[in-house]
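Coordinates from query.txt are shown below (compact mmCIF, C-alpha atoms).
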```txt
# COMPACT_ATOMS: atom_id res chain seq x y z
CA MET A 1 96.67 137.97 107.67
CA ARG A 2 96.05 137.80 111.42
CA ILE A 3 99.06 139.09 113.38
CA LEU A 4 99.65 139.11 117.13
CA HIS A 5 102.42 141.43 118.34
CA TYR A 6 104.06 141.21 121.74
CA THR A 7 105.40 144.63 122.67
CA LEU A 8 106.49 146.45 125.82
CA GLY A 9 103.32 148.52 126.11
CA PHE A 10 101.70 151.79 125.06
CA PRO A 11 101.88 155.47 125.99
CA PRO A 12 101.74 157.02 128.53
CA ALA A 13 103.10 154.11 130.58
CA ARG A 14 105.66 153.15 127.93
CA SER A 15 107.50 155.17 125.32
CA GLY A 16 110.75 155.03 123.39
CA GLY A 17 111.94 153.63 120.07
CA LEU A 18 110.69 150.05 120.49
CA VAL A 19 107.21 151.15 121.56
CA GLY A 20 106.89 153.75 118.78
CA TYR A 21 108.15 151.35 116.11
CA ALA A 22 105.76 148.57 117.16
CA ILE A 23 102.79 150.95 117.14
CA ASP A 24 103.73 152.34 113.72
CA VAL A 25 104.14 148.86 112.20
CA MET A 26 100.85 147.65 113.71
CA ASN A 27 98.93 150.66 112.39
CA GLU A 28 100.45 150.30 108.94
CA GLN A 29 99.67 146.57 108.89
CA ILE A 30 96.05 147.49 109.62
CA ASN A 31 96.16 150.07 106.81
CA GLN A 32 97.38 147.32 104.48
CA GLY A 33 94.36 145.15 105.27
CA ASN A 34 95.64 142.89 108.05
CA GLU A 35 93.94 142.03 111.34
CA VAL A 36 96.26 143.08 114.17
CA TYR A 37 96.34 142.37 117.90
CA ALA A 38 98.81 143.30 120.62
CA LEU A 39 99.77 141.52 123.84
CA PHE A 40 101.78 143.49 126.38
CA PRO A 41 102.94 143.29 130.03
CA GLY A 42 100.57 145.43 132.03
CA GLY A 43 99.53 146.07 135.60
CA LEU A 44 99.50 144.03 138.79
CA ASN A 45 96.67 142.34 140.65
CA PHE A 46 97.62 142.13 144.32
CA ILE A 47 94.64 139.95 145.23
CA ASN A 48 95.05 137.28 142.54
CA ARG A 49 98.78 136.86 141.83
CA LYS A 50 98.30 134.47 138.89
CA MET A 51 98.92 135.71 135.36
CA GLN A 52 95.72 136.90 133.72
CA ILE A 53 94.80 138.47 130.40
CA LYS A 54 92.56 141.51 130.07
CA SER A 55 91.25 142.70 126.70
CA GLY A 56 91.15 146.34 125.63
CA SER A 57 92.27 148.65 122.85
CA PHE A 58 94.79 151.34 121.98
CA SER A 59 93.70 153.59 119.14
CA ASN A 60 92.48 151.09 116.51
CA ILE A 61 94.63 148.22 117.83
CA LYS A 62 92.92 145.42 119.76
CA THR A 63 95.00 144.75 122.86
CA PHE A 64 95.47 142.07 125.49
CA GLU A 65 97.08 143.15 128.74
CA LEU A 66 99.12 140.52 130.57
CA ILE A 67 98.38 141.14 134.24
CA ASN A 68 101.09 139.95 136.69
CA SER A 69 103.61 139.38 133.92
CA LEU A 70 107.19 138.48 134.70
CA PRO A 71 109.17 141.50 136.00
CA LEU A 72 110.42 144.17 133.56
CA PRO A 73 114.18 144.74 133.95
CA ILE A 74 114.09 147.84 131.74
CA PHE A 75 117.65 148.59 132.82
CA GLY A 76 120.25 147.54 135.36
CA GLY A 77 120.26 143.74 135.27
CA ILE A 78 118.46 141.06 137.27
CA LYS A 79 118.72 140.75 141.04
CA THR A 80 116.81 137.49 141.58
CA PRO A 81 116.90 135.09 138.60
CA ALA A 82 114.22 132.80 140.03
CA ASP A 83 111.63 135.60 139.78
CA PHE A 84 112.10 135.64 136.00
CA MET A 85 111.44 131.91 135.58
CA VAL A 86 108.24 131.54 137.60
CA PRO A 87 106.11 128.93 135.80
CA THR A 88 102.61 129.86 134.70
CA SER A 89 99.67 128.23 132.93
CA LYS A 90 100.31 127.26 129.34
CA MET A 91 96.53 127.00 128.87
CA LEU A 92 96.20 130.74 129.57
CA PHE A 93 98.02 131.38 126.30
CA ILE A 94 96.55 128.47 124.37
CA ASN A 95 93.09 129.88 125.09
CA LEU A 96 94.19 133.33 123.92
CA LEU A 97 95.69 131.94 120.71
CA LYS A 98 92.60 129.84 119.99
CA LYS A 99 90.52 133.00 120.37
CA ILE A 100 92.68 135.16 118.09
CA LYS A 101 93.85 132.44 115.68
CA PRO A 102 96.92 134.43 114.52
CA ASP A 103 98.88 133.35 111.45
CA VAL A 104 102.04 134.81 112.92
CA ILE A 105 103.29 136.15 116.26
CA HIS A 106 105.72 139.08 116.15
CA ILE A 107 107.86 139.44 119.29
CA HIS A 108 109.48 142.83 119.97
CA THR A 109 111.08 141.99 123.34
CA LEU A 110 111.38 139.07 125.75
CA MET A 111 110.79 141.26 128.80
CA GLY A 112 107.80 140.18 130.85
CA ILE A 113 106.74 137.22 128.71
CA PRO A 114 107.11 133.64 130.06
CA LYS A 115 108.35 130.58 128.22
CA GLU A 116 104.88 129.04 128.36
CA PHE A 117 103.64 131.60 125.81
CA PHE A 118 106.16 130.33 123.26
CA SER A 119 105.37 126.69 124.06
CA ALA A 120 101.69 127.42 123.56
CA ALA A 121 102.37 129.01 120.17
CA LYS A 122 104.39 125.98 119.08
CA SER A 123 101.58 123.67 120.24
CA GLU A 124 99.20 125.65 118.02
CA GLY A 125 101.60 125.56 115.06
CA ILE A 126 101.94 129.36 114.86
CA THR A 127 105.06 130.93 113.33
CA ILE A 128 106.99 133.13 115.78
CA VAL A 129 109.07 136.05 114.46
CA PHE A 130 111.46 138.04 116.68
CA THR A 131 112.75 141.57 116.04
CA SER A 132 116.05 142.44 117.73
CA HIS A 133 115.21 145.80 119.34
CA ASP A 134 117.41 145.00 122.32
CA TYR A 135 119.65 142.28 123.79
CA PHE A 136 117.49 141.19 126.69
CA GLY A 137 117.62 137.41 126.90
CA LEU A 138 121.14 137.33 125.52
CA ALA A 139 122.02 139.55 128.47
CA PRO A 140 120.28 140.37 131.78
CA ASP A 141 119.67 143.94 130.59
CA PRO A 142 118.63 145.39 127.20
CA SER A 143 121.91 147.18 126.41
CA PHE A 144 124.56 144.44 126.91
CA TYR A 145 126.59 147.22 128.57
CA TYR A 146 128.20 147.20 132.02
CA ASN A 147 131.17 148.85 133.70
CA LYS A 148 131.73 151.18 130.71
CA LYS A 149 131.92 148.43 128.09
CA SER A 150 129.83 146.06 126.03
CA TYR A 151 130.33 142.50 127.25
CA ASP A 152 128.94 140.69 124.21
CA GLN A 153 132.39 139.11 123.74
CA ASP A 154 132.56 138.04 127.40
CA ASN A 155 129.05 136.70 127.91
CA THR A 156 129.32 134.17 130.75
CA ASP A 157 127.35 133.17 133.84
CA ALA A 158 129.96 135.06 135.85
CA TYR A 159 129.39 138.26 133.87
CA TRP A 160 125.61 138.00 134.24
CA CYS A 161 126.20 137.78 137.98
CA GLU A 162 128.71 140.65 137.99
CA SER A 163 126.62 142.97 135.81
CA SER A 164 123.57 142.41 138.05
CA LYS A 165 125.26 143.34 141.33
CA LYS A 166 123.54 146.70 141.51
CA ALA A 167 120.28 145.60 139.93
CA TYR A 168 116.98 146.59 141.48
CA SER A 169 115.04 144.11 143.57
CA THR A 170 111.96 142.59 141.97
CA LYS A 171 109.77 144.66 144.29
CA LYS A 172 111.32 147.86 142.95
CA LEU A 173 111.02 146.67 139.35
CA ARG A 174 107.32 146.10 139.95
CA ILE A 175 106.89 149.86 140.40
CA PHE A 176 107.24 150.14 136.61
CA GLN A 177 104.04 148.10 136.32
CA LEU A 178 101.89 150.08 138.73
CA ARG A 179 98.97 151.81 137.03
CA CYS A 180 100.05 155.03 138.71
CA TYR A 181 103.54 154.76 137.19
CA PRO A 182 103.04 157.60 134.66
CA LEU A 183 101.93 159.85 137.52
CA LEU A 184 104.91 158.79 139.63
CA ARG A 185 107.17 159.68 136.73
CA LYS A 186 105.71 163.18 136.59
CA LEU A 187 105.87 163.68 140.33
CA SER A 188 109.26 162.05 140.77
CA LYS A 189 111.07 165.26 141.66
CA LYS A 190 108.83 165.64 144.72
CA ILE A 191 109.34 162.08 145.95
CA SER A 192 112.54 161.71 147.92
CA SER A 193 113.08 158.06 147.09
CA ILE A 194 112.68 158.53 143.35
CA ASN A 195 115.05 160.40 141.04
CA LEU A 196 114.12 161.07 137.44
CA LYS A 197 116.96 159.74 135.32
CA GLY A 198 116.38 161.02 131.83
CA ASN A 199 114.91 158.21 129.76
CA SER A 200 111.19 158.52 129.14
CA ASN A 201 110.76 154.87 130.10
CA GLN A 202 112.80 155.10 133.26
CA ILE A 203 112.49 156.15 136.83
CA GLU A 204 115.71 155.53 138.69
CA LEU A 205 114.88 154.29 142.16
CA GLU A 206 117.33 154.73 145.02
CA LYS A 207 119.66 151.76 144.87
CA ASN A 208 120.33 149.98 148.12
CA THR A 209 124.11 149.63 148.13
CA GLU A 210 124.21 148.02 151.57
CA HIS A 211 123.24 144.59 150.28
CA ILE A 212 125.63 142.71 148.01
CA ASN A 213 124.12 140.36 145.45
CA THR A 214 124.71 136.88 146.89
CA VAL A 215 123.00 134.98 144.08
CA SER A 216 125.27 132.29 142.68
CA GLU A 217 126.59 132.08 139.13
CA ARG A 218 124.76 128.78 138.83
CA GLU A 219 121.39 130.54 139.23
CA TYR A 220 122.30 132.93 136.43
CA GLY A 221 123.30 129.90 134.37
CA LEU A 222 119.80 128.50 134.84
CA LEU A 223 118.30 131.82 133.75
CA ARG A 224 120.52 131.96 130.65
CA ASN A 225 119.33 128.46 129.72
CA TYR A 226 115.71 129.58 130.26
CA TYR A 227 116.12 132.30 127.64
CA LYS A 228 118.05 130.00 125.31
CA GLU A 229 115.06 127.67 125.39
CA ILE A 230 112.79 130.59 124.47
CA PHE A 231 115.05 131.62 121.58
CA ASN A 232 114.99 128.02 120.38
CA LEU A 233 111.18 128.18 120.13
CA ILE A 234 111.37 131.20 117.80
CA ASP A 235 111.18 130.41 114.07
CA LYS A 236 112.50 133.55 112.39
CA PHE A 237 114.82 136.35 113.51
CA HIS A 238 114.57 139.85 112.08
CA PHE A 239 117.80 141.71 112.81
CA ASN A 240 117.57 145.46 112.30
CA SER A 241 121.31 145.83 111.59
CA THR A 242 124.38 143.82 110.64
CA LEU A 243 125.96 144.71 113.99
CA THR A 244 123.02 143.20 115.87
CA LYS A 245 122.99 140.11 113.67
CA ASP A 246 126.68 139.48 114.39
CA ILE A 247 126.17 139.80 118.15
CA TYR A 248 123.22 137.39 118.15
CA VAL A 249 125.03 134.89 115.92
CA ASN A 250 128.12 135.00 118.16
CA ASN A 251 126.06 134.48 121.32
CA LEU A 252 123.32 132.13 120.17
CA SER A 253 124.49 128.89 118.56
CA ILE A 254 120.95 127.79 117.60
CA LEU A 255 120.82 130.53 114.97
CA SER A 256 122.72 128.24 112.60
CA GLN A 257 119.47 126.24 112.40
CA LYS A 258 117.13 129.23 112.10
CA GLU A 259 115.97 131.56 109.35
CA TYR A 260 117.12 135.14 109.81
CA GLN A 261 117.43 138.33 107.80
CA VAL A 262 118.83 141.84 108.26
CA ILE A 263 116.16 144.46 107.52
CA SER A 264 116.79 148.06 108.56
CA ILE A 265 113.89 149.71 110.36
CA THR A 266 112.08 153.05 110.24
CA ASN A 267 109.01 154.74 111.71
CA LYS A 268 106.09 156.82 110.49
CA ASP A 269 107.99 160.09 110.93
CA ILE A 270 110.86 159.05 108.67
CA HIS A 271 110.13 159.76 105.02
CA ILE A 272 111.68 161.72 102.18
CA GLN A 273 110.95 165.41 102.65
CA LYS A 274 109.05 166.92 99.70
CA GLU A 275 110.51 170.33 100.44
CA LYS A 276 113.91 171.22 101.79
CA SER A 277 113.72 172.33 105.40
CA LEU A 278 115.40 175.71 105.80
CA LYS A 279 117.75 176.05 108.75
CA THR A 280 117.45 179.08 110.98
CA LYS A 281 120.45 181.41 110.82
CA SER A 282 123.21 181.23 113.39
CA ASN A 283 126.68 182.70 113.81
CA LYS A 284 127.92 179.37 115.14
CA ILE A 285 127.74 175.75 113.99
CA ARG A 286 125.12 174.13 116.19
CA ILE A 287 126.04 170.59 117.27
CA ALA A 288 123.36 168.49 118.95
CA TYR A 289 122.93 165.29 120.94
CA MET A 290 119.46 163.71 121.16
CA GLY A 291 118.93 161.00 123.75
CA PRO A 292 118.98 160.13 127.44
CA GLN A 293 121.52 161.41 129.94
CA GLU A 294 123.29 158.03 130.03
CA ASP A 295 126.89 156.88 129.70
CA PHE A 296 126.00 153.94 127.45
CA LYS A 297 124.49 156.40 124.94
CA GLY A 298 127.72 158.42 124.91
CA PHE A 299 126.23 161.44 126.68
CA TYR A 300 129.27 162.04 128.87
CA ASP A 301 131.60 161.86 125.88
CA TYR A 302 129.43 164.39 124.07
CA ILE A 303 129.56 166.98 126.85
CA LYS A 304 133.38 166.87 126.65
CA LEU A 305 133.20 168.45 123.18
CA PRO A 306 133.03 172.08 124.41
CA ARG A 307 136.46 171.60 125.98
CA LEU A 308 137.89 170.09 122.80
CA LEU A 309 136.43 172.43 120.15
CA ASP A 310 136.48 176.18 119.59
CA ARG A 311 133.46 177.60 121.42
CA ASN A 312 133.63 180.74 119.32
CA LYS A 313 132.87 178.60 116.28
CA TYR A 314 130.64 175.86 117.74
CA GLU A 315 127.54 175.77 119.95
CA PHE A 316 126.46 172.64 121.82
CA HIS A 317 122.86 171.50 122.43
CA THR A 318 121.19 168.50 124.03
CA TYR A 319 117.62 167.17 123.76
CA GLY A 320 115.79 164.20 125.23
CA TYR A 321 116.04 164.13 129.02
CA GLU A 322 114.84 165.95 132.12
CA VAL A 323 117.20 168.82 132.87
CA THR A 324 118.19 168.76 136.54
CA SER A 325 121.44 170.78 136.60
CA LYS A 326 123.55 173.08 134.44
CA ILE A 327 126.37 171.82 132.22
CA ASN A 328 129.09 174.27 131.27
CA SER A 329 128.87 175.48 127.64
CA VAL A 330 125.96 173.13 126.84
CA ILE A 331 122.44 174.40 126.10
CA GLN A 332 120.00 171.79 127.45
CA HIS A 333 116.52 171.78 125.92
CA GLY A 334 115.00 168.90 127.89
CA ARG A 335 112.44 166.39 126.65
CA TYR A 336 110.68 166.67 123.32
CA THR A 337 107.76 165.04 121.54
CA ARG A 338 107.66 163.50 118.08
CA ASN A 339 105.66 166.41 116.67
CA GLN A 340 108.48 168.81 117.65
CA ILE A 341 111.20 167.00 115.70
CA SER A 342 111.04 169.06 112.49
CA ASP A 343 111.21 172.36 114.40
CA ILE A 344 114.14 171.09 116.46
CA TYR A 345 116.17 170.11 113.40
CA ARG A 346 115.71 173.54 111.85
CA ASN A 347 117.96 174.75 114.68
CA ILE A 348 120.59 171.98 114.34
CA ASP A 349 123.48 171.97 111.88
CA LEU A 350 125.19 168.75 112.97
CA LEU A 351 123.85 165.75 114.90
CA VAL A 352 126.21 163.49 116.87
CA VAL A 353 125.12 159.92 117.75
CA PRO A 354 127.94 158.83 120.12
CA SER A 355 126.62 155.56 121.61
CA LYS A 356 129.16 153.50 123.55
CA CYS A 357 126.88 150.46 123.82
CA LYS A 358 126.33 148.40 120.68
CA GLU A 359 122.98 149.90 119.77
CA THR A 360 120.77 147.59 117.72
CA PHE A 361 119.79 150.36 115.30
CA GLY A 362 119.37 154.02 116.31
CA LEU A 363 116.44 155.71 114.59
CA VAL A 364 117.62 159.16 115.69
CA ALA A 365 120.37 158.94 113.05
CA LEU A 366 117.78 158.52 110.29
CA GLU A 367 115.65 161.30 111.73
CA GLY A 368 118.63 163.63 111.37
CA MET A 369 119.22 162.62 107.77
CA VAL A 370 115.62 163.10 106.62
CA ASN A 371 115.63 166.52 108.26
CA GLN A 372 118.59 167.60 106.09
CA THR A 373 121.10 167.49 108.94
CA VAL A 374 124.61 166.05 108.69
CA VAL A 375 124.97 163.10 111.08
CA LEU A 376 128.17 161.73 112.61
CA ILE A 377 127.54 158.26 113.97
CA SER A 378 129.45 155.96 116.32
CA GLU A 379 130.61 152.63 114.90
CA ASN A 380 128.65 151.09 117.82
CA VAL A 381 125.32 152.12 116.25
CA GLY A 382 123.57 149.59 114.01
CA ALA A 383 122.25 152.31 111.68
CA LYS A 384 125.82 152.76 110.41
CA ASP A 385 124.82 150.15 107.78
CA LEU A 386 123.18 153.03 105.91
CA PHE A 387 126.02 155.56 106.26
CA ASP A 388 129.24 156.13 104.35
CA LYS A 389 132.24 155.18 106.51
CA ARG A 390 133.55 158.74 106.46
CA TYR A 391 130.64 159.71 108.74
CA CYS A 392 131.42 156.97 111.29
CA PHE A 393 133.82 157.39 114.21
CA SER A 394 135.28 154.98 116.76
CA ASN A 395 136.42 157.33 119.54
CA LEU A 396 136.23 160.90 120.77
CA ASP A 397 139.43 162.02 119.03
CA GLU A 398 138.10 160.82 115.67
CA LEU A 399 134.82 162.63 116.32
CA VAL A 400 136.59 165.93 117.06
CA SER A 401 138.67 165.60 113.90
CA MET A 402 135.56 164.88 111.81
CA ILE A 403 133.71 167.88 113.21
CA GLU A 404 136.60 170.18 112.36
CA LYS A 405 136.72 168.92 108.76
CA ILE A 406 133.05 168.31 108.00
CA GLU A 407 131.35 170.04 105.08
CA LEU A 408 127.89 170.97 106.32
CA THR A 409 126.55 172.07 102.93
CA VAL A 410 126.75 168.50 101.60
CA ILE A 411 124.07 166.17 102.98
CA PRO A 412 125.07 162.55 102.18
CA ASN A 413 122.53 160.44 100.35
CA ILE A 414 121.23 157.32 102.08
CA LYS A 415 118.34 155.10 101.09
CA ILE A 416 115.31 156.24 103.04
CA LYS A 417 112.26 154.00 103.20
CA ASP A 418 108.96 154.96 104.74
CA ILE A 419 106.84 152.87 107.10
CA THR A 420 104.69 151.61 104.20
CA GLU A 421 107.67 150.11 102.38
CA HIS A 422 109.18 148.72 105.57
CA THR A 423 105.93 147.09 106.65
CA LYS A 424 105.74 145.33 103.29
CA GLU A 425 109.26 144.01 103.93
CA ILE A 426 108.17 142.67 107.32
CA LEU A 427 105.03 141.07 105.92
CA ASN A 428 107.12 139.38 103.22
CA PHE A 429 109.52 138.11 105.89
CA TYR A 430 106.63 136.59 107.85
```
Just give me the structure as structure tokens.
Amino acid sequence: MRILHYTLGFPPARSGGLVGYAIDVMNEQINQGNEVYALFPGGLNFINRKMQIKSGSFSNIKTFELINSLPLPIFGGIKTPADFMVPTSKMLFINLLKKIKPDVIHIHTLMGIPKEFFSAAKSEGITIVFTSHDYFGLAPDPSFYYNKKSYDQDNTDAYWCESSKKAYSTKKLRIFQLRCYPLLRKLSKKISSINLKGNSNQIELEKNTEHINTVSEREYGLLRNYYKEIFNLIDKFHFNSTLTKDIYVNNLSILSQKEYQVISITNKDIHIQKEKSLKTKSNKIRIAYMGPQEDFKGFYDYIKLPRLLDRNKYEFHTYGYEVTSKINSVIQHGRYTRNQISDIYRNIDLLVVPSKCKETFGLVALEGMVNQTVVLISENVGAKDLFDKRYCFSNLDELVSMIEKIELTVIPNIKIKDITEHTKEILNFY
């Protein structure tokens, strides 16, 4: 089978769960005898502003870089809707598809890709499959989270406008597409106008609070319709959790006419351990958070735990972001790489996944389980599908009560599938 994936990009410019998952699935599809290609939003050409496609490779994956793609609103909403609907040549994509001749196109995000790509695929009679890694397109940002709440139940033109008030300008978003972006990320501490925020995909630029977003609700309505038209051109929807499926169904009426299925996801690092990993010894129960330093991930709820639990009995750790300041009674370990995960979990007794946004899945929860660590998971995390309800909490008080009662010697059983099994599921869904 010939498969064309559209993903957000490749390391070092892009990282995170979506990027890692897409790479793992593509590599496993190649291992299973398929011919795999990847299209992704890449750099900018300041001389020729038209969209262009440049061929290349990443590892053993044949790639096509979309130069001058639509902007990438990785977080924070959309400042100027018109910039996300700029028309481009449909023939650009028809020519690409005629060259590759894919049997199926697998979309991992709508960020950066124009409607003309989907129209071209339909013209060529190619099946389009979408995986729900995020909510971009249903919402103007990937998390569907604004003003300390998920607004999936209040998804209107007015809320798109409201949630985008502090969004970055398109010019600032374009920084994410500069070829020097990885270097900027490393040097960000030394650049006064850039502040490293804690997500490996993100540089938080100084927000200009002097200018109020004057874009009308009507313009956001046009943008919402633009993405609805794209969703309508997709043939099959792969939802990675029941929670995500429910949100899409509630916000996208065309799904009643589409084929969709809930299939939990995994990655190449998640597999049943042949040997039990021995924990290092500690006088205290070590509780950990792994993720960015962001409110929507529940970080600020987590760091309240030292005030609510006995610090003589518990020890609190965080992993996954650039440490810029001290936090009382919290040991911050900073960023980590995938090859460090096993060593990290040897020093963790209990993992907390406290997301406040309605997270589409949450692979970190599975990582904890396969590394013989008890996991307590927010009901806002899609991966709860795989957990017994007694390990799920809805608020901070419930979490504290669970921690005080939890039996750490009993690791709950959940069905773990490796990337080989999951890739077969995806190929069958195609």
Subject >> Atom pair CA of Tyr145 in chain A / CA of Cys357 in chain A: separation (Å) >> reply: 5.8 Å
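Separating CA of Pro102 in chain A from CA of Phe117 in chain A is a distance of 13.4 Å.
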**OP:** Taking the point (114.0, 169.1, 114.9) as given in the file, collect each protein or nucleic acid residue that comes within 12 Å of it, counting all atoms listed in the file, and present the set as a PyMOL selection string.
**Re:** chain A and resi 269+277-280+288-290+317-320+333+336-351+364+367-373
Original post:
Which residues come within 10 Å of Ser57 in chain A, counting all atoms listed in the file, excluding same-chain residues fewer than 5 positions away, as an MDAnalysis selection string?
Top reply: chainID A and resid 37:38 62:65
File of the preceding selection, C-alpha atoms, as a JSON list (two decimals), keeping the file's coordinate frame:
```
[["chain", "number", "residue", "atom", "x", "y", "z"],
["A", 37, "TYR", "CA", 96.34, 142.37, 117.90],
["A", 38, "ALA", "CA", 98.81, 143.30, 120.62],
["A", 62, "LYS", "CA", 92.92, 145.42, 119.76],
["A", 63, "THR", "CA", 95.00, 144.75, 122.86],
["A", 64, "PHE", "CA", 95.47, 142.07, 125.49],
["A", 65, "GLU", "CA", 97.08, 143.15, 128.74]]
```
Original post:
So which one's closest to Asn312 in chain A, A:Thr360, A:Ser282, A:Thr170, A:Ser15? Using only C-alpha atoms, please.
Top reply: A:Ser282
**OP:** Give the answer as one residue: which of A:Ser143, A:Val86, A:Asn34, A:Phe237 has the shortest atom-to-atom distance to Ile107 in chain A, using all atoms listed in the file?
**Re:** A:Phe237
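CA of Lys281 in chain A lies 19.8 Å from CA of Val352 in chain A.
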Original post:
From the set A:Glu359, A:Glu315, A:Glu219, A:Asp385, which residue has the shortest atom-to-atom contact distance to Asp152 in chain A, counting only C-alpha atoms?
Top reply: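 Checking each of A:Glu359, A:Glu315, A:Glu219, A:Asp385 against Asp152 in chain A, counting only C-alpha atoms, the winner is A:Glu359.
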